[in-house]
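File shown here: final_1.txt, holding compact mmCIF, C-alpha atoms.
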# COMPACT_ATOMS: atom_id res chain seq x y z
CA ASP E 78 -19.37 -2.17 -4.61
CA ALA E 79 -18.24 0.16 -1.79
CA ARG E 80 -19.68 3.63 -1.86
CA VAL E 81 -20.20 6.70 0.27
CA THR E 82 -23.82 6.86 1.39
CA GLN E 83 -25.56 10.14 2.13
CA THR E 84 -28.97 10.80 3.63
CA PRO E 85 -31.32 12.45 2.96
CA ARG E 86 -30.92 12.69 -0.80
CA HIS E 87 -33.38 15.57 -0.95
CA LYS E 88 -34.65 17.90 1.73
CA VAL E 89 -36.97 20.88 1.62
CA THR E 90 -37.25 22.79 4.86
CA GLU E 91 -38.44 26.11 6.13
CA MET E 92 -36.10 28.88 7.16
CA GLY E 93 -35.13 28.59 10.80
CA GLN E 94 -35.45 24.82 10.98
CA GLU E 95 -32.61 22.51 11.93
CA VAL E 96 -31.20 20.33 9.18
CA THR E 97 -29.01 17.30 9.75
CA MET E 98 -27.25 15.52 6.90
CA ARG E 99 -25.60 12.17 7.42
CA CYS E 100 -22.80 10.37 5.69
CA GLN E 101 -21.56 6.82 5.92
CA PRO E 102 -17.99 6.73 4.59
CA ILE E 103 -16.53 3.74 2.81
CA LEU E 104 -15.47 1.12 5.35
CA GLY E 105 -11.79 1.53 6.19
CA HIS E 106 -11.49 5.10 4.95
CA ASN E 107 -9.94 7.38 7.55
CA THR E 108 -10.53 10.79 5.96
CA VAL E 109 -13.92 12.41 5.51
CA PHE E 110 -14.74 15.66 3.74
CA TRP E 111 -17.86 17.79 3.53
CA TYR E 112 -18.24 19.98 0.43
CA ARG E 113 -20.99 22.37 -0.60
CA GLN E 114 -21.76 22.97 -4.27
CA THR E 115 -23.62 26.01 -5.62
CA MET E 116 -23.80 27.57 -9.05
CA MET E 117 -22.15 30.74 -7.83
CA GLN E 118 -19.35 29.36 -5.67
CA GLY E 119 -18.72 25.94 -7.15
CA LEU E 120 -17.34 23.31 -4.77
CA GLU E 121 -16.42 24.68 -1.36
CA LEU E 122 -14.73 22.65 1.33
CA LEU E 123 -16.65 22.98 4.59
CA ALA E 124 -14.90 20.51 6.89
CA TYR E 125 -12.29 17.77 6.86
CA PHE E 126 -11.70 14.92 9.31
CA ARG E 127 -8.92 12.40 9.71
CA ASN E 128 -9.40 9.46 12.04
CA ARG E 129 -12.57 11.21 13.26
CA ALA E 130 -10.65 14.30 14.40
CA PRO E 131 -11.54 17.62 12.76
CA LEU E 132 -8.52 18.99 10.88
CA ASP E 133 -9.99 21.94 9.08
CA ASP E 134 -13.40 23.56 9.31
CA SER E 135 -12.35 27.02 8.22
CA GLY E 136 -14.77 26.96 5.31
CA MET E 137 -17.78 26.47 7.52
CA PRO E 138 -19.92 29.29 8.95
CA LYS E 139 -19.35 28.59 12.64
CA ASP E 140 -22.43 30.34 13.94
CA ARG E 141 -24.88 27.95 12.31
CA PHE E 142 -22.96 24.96 10.95
CA SER E 143 -21.41 22.10 12.86
CA ALA E 144 -19.74 18.89 11.68
CA GLU E 145 -19.00 15.81 13.76
CA MET E 146 -17.98 12.18 13.50
CA PRO E 147 -19.64 10.33 16.37
CA ASP E 148 -17.98 7.13 15.17
CA ALA E 149 -15.96 5.85 12.22
CA THR E 150 -19.09 4.90 10.29
CA LEU E 151 -20.98 8.17 10.60
CA ALA E 152 -20.30 11.81 9.81
CA THR E 153 -22.92 14.50 10.35
CA LEU E 154 -23.34 18.05 9.12
CA LYS E 155 -25.86 20.15 10.97
CA ILE E 156 -27.30 23.55 10.14
CA GLN E 157 -29.19 25.40 12.85
CA PRO E 158 -30.98 27.63 12.07
CA SER E 159 -31.15 27.12 8.32
CA GLU E 160 -31.41 30.06 5.92
CA PRO E 161 -32.39 30.28 2.23
CA ARG E 162 -28.74 30.98 1.30
CA ASP E 163 -27.88 27.49 2.59
CA SER E 164 -29.74 25.97 -0.36
CA ALA E 165 -27.15 23.87 -2.16
CA VAL E 166 -25.96 20.34 -2.75
CA TYR E 167 -23.88 19.00 0.12
CA PHE E 168 -21.39 16.27 -0.72
CA CYS E 169 -19.61 13.94 1.60
CA ALA E 170 -16.43 12.26 0.43
CA SER E 171 -14.13 9.72 2.03
CA GLY E 172 -10.65 8.44 1.33
CA ALA E 173 -7.72 6.37 2.52
CA GLY E 174 -4.62 7.45 0.63
CA PHE E 175 -4.42 9.61 -2.48
CA THR E 176 -7.96 9.59 -3.68
CA ILE E 177 -11.32 10.60 -2.28
CA TYR E 178 -14.65 9.18 -3.35
CA PHE E 179 -17.87 11.15 -3.36
CA GLY E 180 -21.37 10.33 -2.31
CA GLU E 181 -24.39 11.25 -4.43
CA GLY E 182 -25.07 14.38 -2.42
CA SER E 183 -27.84 15.81 -0.28
CA TRP E 184 -29.91 18.38 -2.18
CA LEU E 185 -31.08 21.00 0.32
CA THR E 186 -33.68 23.65 -0.36
CA VAL E 187 -34.49 26.17 2.37
CA VAL E 188 -37.65 28.18 1.73
CA ALA X 293 -1.64 28.65 -0.89
CA GLN X 294 -2.76 25.94 -3.22
CA SER X 295 -5.15 26.73 -6.04
CA VAL X 296 -6.54 25.38 -9.28
CA THR X 297 -7.50 27.36 -12.36
CA GLN X 298 -9.62 25.85 -15.08
CA LEU X 299 -9.64 27.89 -18.26
CA GLY X 300 -13.10 28.14 -19.74
CA SER X 301 -16.25 27.53 -17.77
CA HIS X 302 -17.87 26.14 -20.94
CA VAL X 303 -16.23 24.25 -23.79
CA SER X 304 -18.03 23.01 -26.90
CA VAL X 305 -16.65 20.43 -29.28
CA SER X 306 -18.15 18.48 -32.13
CA GLU X 307 -18.76 14.78 -31.78
CA GLY X 308 -15.62 12.98 -32.90
CA ALA X 309 -13.36 15.98 -32.33
CA LEU X 310 -10.52 16.33 -29.85
CA VAL X 311 -11.46 17.28 -26.30
CA LEU X 312 -9.02 19.53 -24.45
CA LEU X 313 -9.88 20.86 -20.98
CA ARG X 314 -7.23 23.04 -19.40
CA CYS X 315 -6.09 23.04 -15.79
CA ASN X 316 -3.28 24.94 -14.12
CA TYR X 317 -2.38 24.59 -10.48
CA SER X 318 -0.24 26.17 -7.84
CA SER X 319 1.17 24.23 -4.95
CA SER X 320 4.02 24.76 -2.53
CA VAL X 321 4.85 21.04 -2.56
CA PRO X 322 4.65 18.41 -5.31
CA PRO X 323 0.95 17.70 -5.45
CA TYR X 324 -1.36 14.91 -6.32
CA LEU X 325 -3.64 15.95 -9.18
CA PHE X 326 -7.05 14.68 -10.15
CA TRP X 327 -9.80 15.04 -12.71
CA TYR X 328 -13.36 14.28 -11.68
CA VAL X 329 -16.49 14.21 -13.83
CA GLN X 330 -20.00 15.11 -12.70
CA TYR X 331 -23.06 14.08 -14.67
CA PRO X 332 -26.34 15.90 -14.02
CA ASN X 333 -27.82 15.29 -10.59
CA GLN X 334 -24.98 13.00 -9.58
CA GLY X 335 -21.89 13.08 -7.40
CA LEU X 336 -18.34 13.45 -8.63
CA GLN X 337 -16.69 10.43 -10.19
CA LEU X 338 -12.93 10.00 -10.42
CA LEU X 339 -11.65 10.09 -14.01
CA LEU X 340 -7.93 9.84 -13.36
CA LYS X 341 -5.19 10.81 -10.94
CA TYR X 342 -1.51 11.75 -10.95
CA THR X 343 0.48 10.61 -7.94
CA SER X 344 4.11 11.22 -9.05
CA ALA X 345 4.55 8.12 -11.15
CA ALA X 346 4.17 8.40 -14.94
CA THR X 347 3.49 11.94 -16.13
CA LEU X 348 0.96 10.74 -18.72
CA VAL X 349 -2.01 9.32 -16.90
CA LYS X 350 -4.77 7.30 -18.52
CA GLY X 351 -8.23 7.26 -17.04
CA ILE X 352 -11.66 5.89 -17.70
CA ASN X 353 -13.76 6.51 -20.81
CA GLY X 354 -10.71 7.17 -23.01
CA PHE X 355 -9.53 10.27 -21.18
CA GLU X 356 -5.94 11.03 -20.34
CA ALA X 357 -3.98 13.87 -18.79
CA GLU X 358 -0.36 14.91 -18.80
CA PHE X 359 1.43 16.41 -15.81
CA LYS X 360 3.82 19.16 -16.88
CA LYS X 361 5.74 20.50 -13.92
CA SER X 362 7.42 23.29 -15.88
CA GLU X 363 4.02 24.61 -16.95
CA THR X 364 2.21 23.70 -13.70
CA SER X 365 -0.47 22.17 -15.90
CA PHE X 366 -2.56 19.03 -15.93
CA HIS X 367 -4.73 19.31 -19.04
CA LEU X 368 -7.34 16.65 -19.82
CA THR X 369 -7.69 15.26 -23.32
CA LYS X 370 -9.68 12.72 -25.27
CA PRO X 371 -8.96 12.06 -28.96
CA SER X 372 -12.58 11.70 -30.06
CA ALA X 373 -15.56 13.17 -28.23
CA HIS X 374 -18.72 11.18 -27.72
CA MET X 375 -22.16 12.52 -26.88
CA SER X 376 -22.00 10.72 -23.54
CA ASP X 377 -18.98 12.87 -22.55
CA ALA X 378 -21.25 15.87 -21.99
CA ALA X 379 -20.81 16.67 -18.29
CA GLU X 380 -18.98 18.98 -15.93
CA TYR X 381 -15.30 18.30 -15.33
CA PHE X 382 -13.36 19.33 -12.26
CA CYS X 383 -9.62 19.51 -11.84
CA ALA X 384 -8.33 19.17 -8.29
CA VAL X 385 -5.02 19.48 -6.45
CA ARG X 386 -4.04 17.76 -3.24
CA PRO X 387 -0.74 18.90 -1.75
CA ARG X 388 0.38 15.55 -0.41
CA ASP X 389 -1.68 14.41 2.59
CA ASP X 390 -3.92 17.42 2.84
CA LYS X 391 -7.31 18.60 1.76
CA ILE X 392 -8.31 18.56 -1.89
CA ILE X 393 -8.90 21.88 -3.60
CA PHE X 394 -11.16 21.92 -6.66
CA GLY X 395 -11.29 24.22 -9.64
CA LYS X 396 -14.50 25.98 -10.65
CA GLY X 397 -15.30 23.31 -13.21
CA THR X 398 -15.67 23.23 -17.00
CA ARG X 399 -18.94 22.23 -18.60
CA LEU X 400 -18.31 20.22 -21.74
CA HIS X 401 -20.92 20.42 -24.51
CA ILE X 402 -20.84 17.97 -27.40
CA LEU X 403 -22.26 19.20 -30.70
CA PRO X 404 -23.82 16.63 -33.02

When written as structure tokens, how does the structure in this file appear?
Amino acid sequence: DARVTQTPRHKVTEMGQEVTMRCQPILGHNTVFWYRQTMMQGLELLAYFRNRAPLDDSGMPKDRFSAEMPDATLATLKIQPSEPRDSAVYFCASGAGFTIYFGEGSWLTVV
Amino acid sequence: AQSVTQLGSHVSVSEGALVLLRCNYSSSVPPYLFWYVQYPNQGLQLLLKYTSAATLVKGINGFEAEFKKSETSFHLTKPSAHMSDAAEYFCAVRPRDDKIIFGKGTRLHILP
């Protein structure tokens, strides 16, 4: 059963620390998305890749966030330095065609 | 710009009653449309999708949605609600081969 795998599932960190979230897309999928979900803002698109190339990262705070795809099997989202307002659930999704499929999310708490 | 509006952040229906969750979209090109469901502490799961074939789309768990171009709507329905349907539902629009834009979500409550 193919699925998008995200690590870590839960992370508690102190303000100012670096946080790296990883995503393994479904094998063969050529598009990868990073979304952030909060109660206040709902689901926000942070970054979007096709064939490992970044197509849109306009939703991402550039001063502290960065997203990369070192290879086709790994996408990373990094926050440095982290702040309490970054506390949220971060979802990775992948697709090949019409539909995208979500991972279970990385639950981040910055204290 | 593409956008999705879901009417009602919370909807309550009695068990066995009709479920109707409303979604309106705007898109500059004929879009793909989706409904996803999110159960507590889980990711989003695809319920159904419209990709320019039949306008009435059937999904999992007895849900269906109808694409109405003239109304720019894609409302989600289920004839008879079950307690297990309690979750948050997201409508989404994808203008062809582009990023997916989600609505704010509607939390569905099922009353016994």

re CA of Ser318 (chain X) and CA of Asp133 (chain E): distance 20.0 Å

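Nearest to chain E of all the residues X:Leu299, X:Ile393, X:Val329, X:Leu310 is X:Ile393, based on all atoms listed in the file.
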
X:Gly335, X:Gly354, X:Pro404, X:Gly397 ranked by distance to Ser301 (chain X), top pick (using all atoms listed in the file) |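 For Ser301 (chain X), the nearest of the given residues is X:Gly397.
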
Could you tell me how far CA of Ser164 (chain E) sits from CA of Thr150 (chain E), in Å to one decimal place?
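According to the coordinates, CA of Thr150 (chain E) and CA of Ser164 (chain E) are separated by 25.9 Å.
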
(Q) Nearest residue to Ser319 (chain X) out of X:Lys361, X:His367, X:His374, X:Lys396, using only C-alpha atoms? (A)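 Among the listed residues, X:Lys361 lies closest to Ser319 (chain X).
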
From the list X:Ser344, X:Asn353, X:Ser365, X:Ser372, the nearest residue to chain E using all atoms listed in the file is X:Ser344

Just want the 8 Å neighbourhood of Leu313 (chain X), counted on only C-alpha atoms, with same-chain residues fewer than 6 positions away dropped. Output as a tab-separated table (two decimals) with C-alpha atoms, in the frame of the given file.
chain	number	residue	atom	x	y	z
X	298	GLN	CA	-9.62	25.85	-15.08
X	299	LEU	CA	-9.64	27.89	-18.26
X	303	VAL	CA	-16.23	24.25	-23.79
X	367	HIS	CA	-4.73	19.31	-19.04
X	368	LEU	CA	-7.34	16.65	-19.82
X	369	THR	CA	-7.69	15.26	-23.32
X	398	THR	CA	-15.67	23.23	-17.00

Should the cut-off be 7 Å, what would the residue list for chain E against chain X look like, counting all atoms listed in the file, as a list in words?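 That gives Gly119, Leu120, Phe179, Gly180, Glu181 and Gly182 of chain E for chain E.
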